[in-house]
Amino acid sequence: MDSGASDIGGSDLTDSTTDPNDTKAAFTWGHPAIDTEFATAADGTLRMVRLGPCGDTADPETALPLVELTAFGHGSGWSGPRFTGTAFGARLAYRGHRSDSSGGDSSGGDGGGWERLTIELHDAARGLTAFVELSSPTGVAVVRSRVRLRNDGTGPVVVQSVSSLLLGGLPSSDVLDVHRARNDWLAECRWYAEPLRATVADISVDVHQHDSRAALALTGRGSWPSDGHLPMGALTERGGGRGRAWVWQVESPAGWRWDLGERAHGTYLAVNGPTDAEHQWRVRLAPGEEFTTVTAALAVGSAGGAGHGSGLDEALGALTGYRRAVRRPHPDHEALPVVFNDYMNTLMGDPTTAKLLPLIDAAAKAGAEYFCIDSGWYDDSVDGGWWDSVGEWLPSPRRFPAGGVDGGRGAGAEPGAGQGGGNGAETEPGTRQDGRNGAETEPGTRQDGRNGAETEPGTRQDGRNAAAGLAGEGGRKRAQDRPGADGRNEATAARPEGDSQNKTQGRPGEGGGTETGVGPLSDGGIRAVLERIRERGMVPGLWLEPEVVGVRSPVAAELPPEAFFQRDGVRLTEQGRHQLDLRHPAARAHLDKTVDRLVGDWGVGYLKLDYNIVIDPGTTAPGDPSPGAGLLGHAHAYLGWLSDVLDRYPHLVVENCASGGMRMDGATLAVSQLQSTSDQQDPLRYPPIAAAAPTAVPPEQGAVWAYPQPEYDDDLITFTLGGALLGRIHLSGHLDRMTERQLGLVRHAVATYKSIRGDLAHAVPFWPLGLPGWTDEWLALGLRVPDGHERGPSYVSVWRRGGEAEVGLPVGHLAGTGAPVRAEILHPSAARAHSAAVWDPAAGELRVSVPRAPGVLLIRLTPQARA
């Protein structure tokens, strides 16, 4: 909604409420949740002076211009790390605006109506025009922003940086805390907070008549956009009673930057995609050419808002709704099927027919609906050395022999590799025993021996296959022996097993509902394994690392040099791999052929797309003005390719992975259906990742590993299962070796998940104990189902890793209503006998007791009608 009428004159925007010579425009835009006010400063630049119903109204002279940018010959007005005060920013004068309402976003997302606003700014002397494009899902307290530049001048302009979102007029730095999330391999989503004044010192601005030059800046670099930190940030206000919060994300699949600083006794926020200084990014605009920035999104919240929680919870809840509104629609977002993946703490990249068949049967019995064969299915080497020879993506006949599968025993099992036959079957000489019934383990590996002993938070207990891994298992190195490789070690090429491109019309629903059939079946090989998955009522899936080609792969010589990342004409190599450039038609055709074979011919309905190298700063293909521009161009082309794949196969489910969560960015999340949250192998280390994942990913898209093992006791089995129940279960573990009683624990957890997943798809998160710390003894994640009357259910997962046996959990949206609340322990079932969850109406909190650590509870809270 726009309070000032406007129309469009030709390709430009004009505001019919103002005289063309009058630069003093003022108007409001938005909807009640994000009502926004604009006013013009004395220099003719338009400023956002208020954002949201709880925002303060700033003086236009102290608010920021809508766009800041630097270009060759046009730098900043002062020196320092702050992205404010640029020469162009002060010259881009307001020319007009246009607003409209519609039933959907241009991204084609899941959401309903949208409000949109486009503001035109122009520098008459240089001929540069900027279009600030704002949008917001109706009823959601989030504004989305990007900037489109057009060179209307007579000469070229080389842009070095341009803002995606600018906001001034925030409260004083004296009362603000800044929140960031460390995001490292095996340790994702670790939020921490500090006063903004810890970085931006009080310099006595009035004495110096000048703002501080200091800024708190954060950047993400390279082709892993969330390596180091999530591309997010937040501010929370201390005191004042309003408890306001601002949370933002940079939707860049490549580099990004944001900074905070002091301005006119208030605080500003500047959000950018890649820049020349940090990412070697720049773009040259010839006359008539355009460039559009990456998108940024900003959510606002206040204490006691719609969900009656903290301002930070409210803003993160709004961001969850926004993410659902902008993503590509897909049936997976509502169905939330249970996925079994053979990798984590199980086959670890060493699948064979013999190992998979019993796992497939056990996964089906446990209630899995998808079964994904992870890495290694293409490896035909004898030493597991496939790392630097991948790229053909053809199955290994050694691992998946034709001519029958021998009931799952022996076929494809070479000496030195453990069998997965289960039920006490003996292993080959020299292999690791499964650890049950007191079996010995290899020297240096751990015995079970847990016997219920407690440990300090975050420490490992015996028998848990923790992050250190099991040295020597299946002849593979430990994951951390090659950082960034996601535990998948050096390699040789896989040999083909029938690369038929002949497609036949399949039965409805086969291959996860793909529109092409599974093709003629072979009498063995990987196709027989995929058929076994279908026979057990599950959809088959495969792991794929599409963007890389090993230096020893035949594909490295078959594709033209221009199909790969390069610098100064030299093909780049990283960890024995080349990086494809998806802007080149040959690279794209190679991947299309691969996907059409796996999905179209074989009937695969799930692809786990991994990415285990990082390229920084990028590539300089012919026509690229800078490496950073080449990297951003490829990243956008990759997402375009992935969108086209999903257009061809609308029911294909795609999981985004990059050594766990190293590519957890909003741009990729909007295209893929699932996001890997971590590669963490220690069940005691995973809870803070699982509890914080909804800050970055909607719950129904956040894949959380649950890897129960036969050597675990019942408490540890239910602990690892319980951690995934408010996300997307990614089940793993040697289920085929479990007793019926142990498998019953798994079945109960999966059934519990299926009974609540319909609510999870629409719930928004809250954190009764605040965002989790890495070593916290107690952690809690809540999901509430909004229904407009606070009568919908809420779910709370509570983990105890140490400390006292009882804790109180404030639940703001249920407190103060005076209505009774029913508390039910849903998981684990045995916990009902020794744990407790009781609603305290006077305190407005849930009292929880867990007598043993580690322990976990999933609790449902249901408001009851008054008597």
# chains A, B, ... in the order shown; residues from 1 in each chain; ligands from 1

call {"tool": "residues_around", "arguments": {"residues": "stretch 48-59 of chain A", "least_positions_apart": "4", "cutoff": "6 Å", "atoms": "only C-alpha atoms", "output": "count of residues only"}}
result
6

call {"tool": "residues_around", "arguments": {"residues": "stretch 275-290 of chain A", "least_positions_apart": "5", "cutoff": "9 Å", "atoms": "only C-alpha atoms", "output": "JSON, numbers by chain"}}
result
{"A": [71, 148, 149, 150, 151, 152, 153, 154, 155, 156, 157, 158, 159, 160, 161, 162, 219, 220, 221, 222, 255, 256, 257, 616, 617, 618, 624, 625, 626, 627, 628, 629, 630, 631, 632]}

call {"tool": "residues_around", "arguments": {"residues": "A:Gly702", "least_positions_apart": "2", "cutoff": "12 Å", "atoms": "only C-alpha atoms", "output": "JSON, numbers by chain"}}
result
{"A": [189, 320, 333, 336, 655, 656, 657, 660, 661, 664, 669, 672, 673, 674, 675, 676, 677, 678, 689, 690, 691, 692, 693, 694, 695, 696, 697, 698, 699, 700, 704, 705, 723, 724, 725, 726, 727, 728, 729, 730, 760, 761]}

call {"tool": "write_last_selection", "arguments": {"atoms": "N, CA and C atoms", "output": "short mmCIF file (atom, residue, chain, number, x, y, z; two decimals), in the first residue's frame"}}
result
data_model
loop_
_atom_site.label_atom_id
_atom_site.label_comp_id
_atom_site.auth_asym_id
_atom_site.auth_seq_id
_atom_site.Cartn_x
_atom_site.Cartn_y
_atom_site.Cartn_z
N CYS A 189 26.29 -22.68 12.97
CA CYS A 189 25.20 -21.91 13.62
C CYS A 189 25.50 -21.58 15.07
N THR A 320 11.51 -16.58 9.14
CA THR A 320 11.09 -17.91 8.73
C THR A 320 9.91 -17.83 7.76
N HIS A 333 7.87 -29.52 0.78
CA HIS A 333 7.73 -28.59 1.89
C HIS A 333 6.52 -28.89 2.76
N LEU A 336 7.28 -33.54 3.98
CA LEU A 336 8.34 -33.79 4.94
C LEU A 336 8.66 -35.28 5.10
N GLU A 655 18.73 -31.92 -2.03
CA GLU A 655 19.35 -31.49 -0.78
C GLU A 655 20.61 -30.70 -1.11
N ASN A 656 20.73 -29.54 -0.52
CA ASN A 656 21.91 -28.70 -0.69
C ASN A 656 22.91 -29.01 0.42
N CYS A 657 24.13 -29.33 0.03
CA CYS A 657 25.17 -29.66 1.00
C CYS A 657 26.49 -29.10 0.49
N GLY A 660 28.61 -30.17 4.74
CA GLY A 660 27.66 -29.79 5.78
C GLY A 660 27.02 -28.47 5.44
N GLY A 661 27.24 -27.46 6.28
CA GLY A 661 26.53 -26.19 6.15
C GLY A 661 27.36 -25.05 5.62
N MET A 664 25.06 -22.38 3.29
CA MET A 664 23.76 -22.18 3.90
C MET A 664 23.35 -20.72 3.70
N LEU A 669 19.02 -21.63 -0.65
CA LEU A 669 17.91 -22.19 0.11
C LEU A 669 16.57 -21.98 -0.59
N SER A 672 16.68 -25.02 -3.48
CA SER A 672 16.74 -26.42 -3.04
C SER A 672 15.68 -26.68 -1.98
N GLN A 673 15.33 -27.97 -1.83
CA GLN A 673 14.27 -28.34 -0.90
C GLN A 673 14.79 -28.58 0.51
N LEU A 674 15.99 -29.07 0.63
CA LEU A 674 16.57 -29.37 1.93
C LEU A 674 17.96 -28.77 2.04
N GLN A 675 18.37 -28.50 3.29
CA GLN A 675 19.69 -27.95 3.57
C GLN A 675 20.38 -28.81 4.61
N SER A 676 21.55 -29.35 4.27
CA SER A 676 22.35 -30.06 5.25
C SER A 676 22.80 -29.09 6.32
N THR A 677 22.62 -29.45 7.59
CA THR A 677 23.00 -28.55 8.67
C THR A 677 24.41 -28.81 9.17
N SER A 678 24.94 -30.04 9.02
CA SER A 678 26.28 -30.31 9.53
C SER A 678 26.73 -31.70 9.10
N ILE A 689 23.80 -27.36 17.25
CA ILE A 689 23.60 -27.12 15.82
C ILE A 689 22.12 -27.28 15.46
N ALA A 690 21.52 -28.38 15.93
CA ALA A 690 20.11 -28.63 15.63
C ALA A 690 19.22 -27.56 16.23
N ALA A 691 19.54 -27.11 17.45
CA ALA A 691 18.70 -26.12 18.12
C ALA A 691 18.79 -24.76 17.46
N ALA A 692 19.94 -24.42 16.88
CA ALA A 692 20.11 -23.09 16.27
C ALA A 692 19.83 -23.09 14.78
N ALA A 693 19.72 -24.27 14.14
CA ALA A 693 19.53 -24.32 12.69
C ALA A 693 18.33 -23.51 12.20
N PRO A 694 17.20 -23.46 12.92
CA PRO A 694 16.07 -22.65 12.41
C PRO A 694 16.33 -21.15 12.36
N THR A 695 17.46 -20.67 12.89
CA THR A 695 17.81 -19.28 12.65
C THR A 695 18.18 -19.06 11.19
N ALA A 696 18.66 -20.10 10.53
CA ALA A 696 19.15 -19.99 9.15
C ALA A 696 18.27 -20.68 8.14
N VAL A 697 17.46 -21.67 8.58
CA VAL A 697 16.72 -22.53 7.67
C VAL A 697 15.35 -22.81 8.26
N PRO A 698 14.27 -22.73 7.49
CA PRO A 698 12.97 -23.16 8.02
C PRO A 698 13.06 -24.61 8.52
N PRO A 699 12.34 -24.93 9.60
CA PRO A 699 12.49 -26.27 10.19
C PRO A 699 12.30 -27.40 9.20
N GLU A 700 11.34 -27.26 8.28
CA GLU A 700 11.05 -28.34 7.36
C GLU A 700 12.11 -28.50 6.27
N VAL A 704 18.71 -32.75 9.73
CA VAL A 704 19.46 -33.02 10.95
C VAL A 704 19.72 -34.52 11.04
N TRP A 705 20.98 -34.88 11.21
CA TRP A 705 21.34 -36.29 11.29
C TRP A 705 20.83 -36.93 12.58
N GLY A 723 17.04 -35.41 18.71
CA GLY A 723 17.56 -34.14 18.24
C GLY A 723 17.07 -33.72 16.88
N ALA A 724 16.51 -34.66 16.12
CA ALA A 724 16.09 -34.35 14.75
C ALA A 724 14.58 -34.17 14.61
N LEU A 725 13.83 -34.29 15.67
CA LEU A 725 12.37 -34.35 15.55
C LEU A 725 11.71 -33.02 15.27
N LEU A 726 12.41 -31.90 15.47
CA LEU A 726 11.86 -30.60 15.10
C LEU A 726 12.55 -30.03 13.87
N GLY A 727 13.13 -30.90 13.05
CA GLY A 727 13.71 -30.50 11.77
C GLY A 727 13.28 -31.51 10.72
N ARG A 728 14.23 -31.90 9.88
CA ARG A 728 14.00 -32.98 8.92
C ARG A 728 14.91 -34.14 9.29
N ILE A 729 14.30 -35.26 9.66
CA ILE A 729 15.09 -36.42 10.05
C ILE A 729 15.93 -36.90 8.87
N HIS A 730 17.24 -36.94 9.10
CA HIS A 730 18.14 -37.65 8.18
C HIS A 730 18.67 -38.84 8.95
N LEU A 760 4.86 -28.95 11.74
CA LEU A 760 6.20 -28.37 11.58
C LEU A 760 6.31 -27.53 10.32
N ALA A 761 5.59 -27.93 9.28
CA ALA A 761 5.68 -27.24 8.00
C ALA A 761 5.18 -25.80 8.06
#

call {"tool": "residues_around", "arguments": {"residues": "A:Ala297", "least_positions_apart": "2", "cutoff": "9 Å", "atoms": "only C-alpha atoms", "output": "JSON, numbers by chain"}}
result
{"A": [142, 143, 144, 145, 146, 165, 247, 248, 249, 250, 251, 295, 299, 319, 322]}

call {"tool": "residues_around", "arguments": {"residues": "A:Phe131", "least_positions_apart": "3", "cutoff": "7 Å", "atoms": "only C-alpha atoms", "output": "number ranges by chain"}}
result
A: 118-121, 147-149

call {"tool": "write_last_selection", "arguments": {"atoms": "N, CA, C and O atoms", "output": "PDB file, in the first residue's frame"}}
result
ATOM      1  N   THR A 118       9.137   0.326  -6.124  1.00  0.00           N
ATOM      2  CA  THR A 118      10.346   0.632  -6.880  1.00  0.00           C
ATOM      3  C   THR A 118      10.550   2.137  -6.862  1.00  0.00           C
ATOM      4  O   THR A 118       9.646   2.902  -7.216  1.00  0.00           O
ATOM      5  N   ILE A 119      11.724   2.562  -6.424  1.00  0.00           N
ATOM      6  CA  ILE A 119      12.070   3.986  -6.333  1.00  0.00           C
ATOM      7  C   ILE A 119      13.191   4.268  -7.318  1.00  0.00           C
ATOM      8  O   ILE A 119      14.210   3.566  -7.337  1.00  0.00           O
ATOM      9  N   GLU A 120      12.997   5.289  -8.136  1.00  0.00           N
ATOM     10  CA  GLU A 120      14.011   5.662  -9.124  1.00  0.00           C
ATOM     11  C   GLU A 120      14.829   6.844  -8.628  1.00  0.00           C
ATOM     12  O   GLU A 120      14.287   7.871  -8.206  1.00  0.00           O
ATOM     13  N   LEU A 121      16.151   6.659  -8.690  1.00  0.00           N
ATOM     14  CA  LEU A 121      17.105   7.708  -8.325  1.00  0.00           C
ATOM     15  C   LEU A 121      18.011   7.962  -9.531  1.00  0.00           C
ATOM     16  O   LEU A 121      18.264   7.056 -10.325  1.00  0.00           O
ATOM     17  N   VAL A 147      19.095  -3.506  -5.507  1.00  0.00           N
ATOM     18  CA  VAL A 147      19.289  -2.292  -6.289  1.00  0.00           C
ATOM     19  C   VAL A 147      19.675  -2.667  -7.711  1.00  0.00           C
ATOM     20  O   VAL A 147      20.559  -3.514  -7.920  1.00  0.00           O
ATOM     21  N   ARG A 148      19.001  -2.056  -8.665  1.00  0.00           N
ATOM     22  CA  ARG A 148      19.316  -2.261 -10.076  1.00  0.00           C
ATOM     23  C   ARG A 148      19.916  -0.970 -10.623  1.00  0.00           C
ATOM     24  O   ARG A 148      19.313   0.098 -10.532  1.00  0.00           O
ATOM     25  N   LEU A 149      21.127  -1.085 -11.165  1.00  0.00           N
ATOM     26  CA  LEU A 149      21.816   0.069 -11.745  1.00  0.00           C
ATOM     27  C   LEU A 149      21.698   0.041 -13.261  1.00  0.00           C
ATOM     28  O   LEU A 149      21.769  -1.024 -13.870  1.00  0.00           O
TER      29      LEU A 149
END

call {"tool": "residues_around", "arguments": {"residues": "A:Pro786", "least_positions_apart": "6", "cutoff": "9 Å", "atoms": "only C-alpha atoms", "output": "MDAnalysis selection string"}}
result
chainID A and resid 307 762:764 792:794

call {"tool": "residues_around", "arguments": {"residues": "A:Ile613", "least_positions_apart": "3", "cutoff": "9 Å", "atoms": "only C-alpha atoms", "output": "PyMOL selection string"}}
result
chain A and resi 223-224+484-485+548+574-575+577+579+658-659

call {"tool": "closest_atom_pairs", "arguments": {"of": "stretch 280-361 of chain A", "to": "stretch 393-397 of chain A", "cutoff": "12 Å", "atoms": "only C-alpha atoms", "output": "CSV"}}
result
residue,atom,partner,partner_atom,distance
A:Asp350,CA,A:Ser396,CA,11.3
A:Pro351,CA,A:Ser396,CA,10.1
A:Thr352,CA,A:Ser396,CA,9.1
A:Thr353,CA,A:Pro397,CA,10.1

call {"tool": "select_by_dssp", "arguments": {"residues": "stretch 112-302 of chain A", "states": "helix (DSSP H, G or I)", "output": "VMD selection string"}}
result
chain A and resid 173 to 175 196 to 198 205 to 208 276 to 279

call {"tool": "atom_distance", "arguments": {"atom1": "atom CA of A:Leu134", "atom2": "atom CA of A:Trp114"}}
result
10.4 Å

call {"tool": "closest_residue", "arguments": {"among": "A:Lys608, A:Arg784, A:Arg182, A:Lys754", "to": "A:Ala703", "atoms": "only C-alpha atoms"}}
result
A:Lys608

call {"tool": "closest_residue", "arguments": {"among": "A:Leu814, A:Ala833, A:Leu46, A:Met232", "to": "A:Ala63", "atoms": "only C-alpha atoms"}}
result
A:Leu46

call {"tool": "closest_residue", "arguments": {"among": "A:Leu166, A:Ala130, A:Ala354, A:Val645", "to": "A:Arg47", "atoms": "only C-alpha atoms"}}
result
A:Leu166
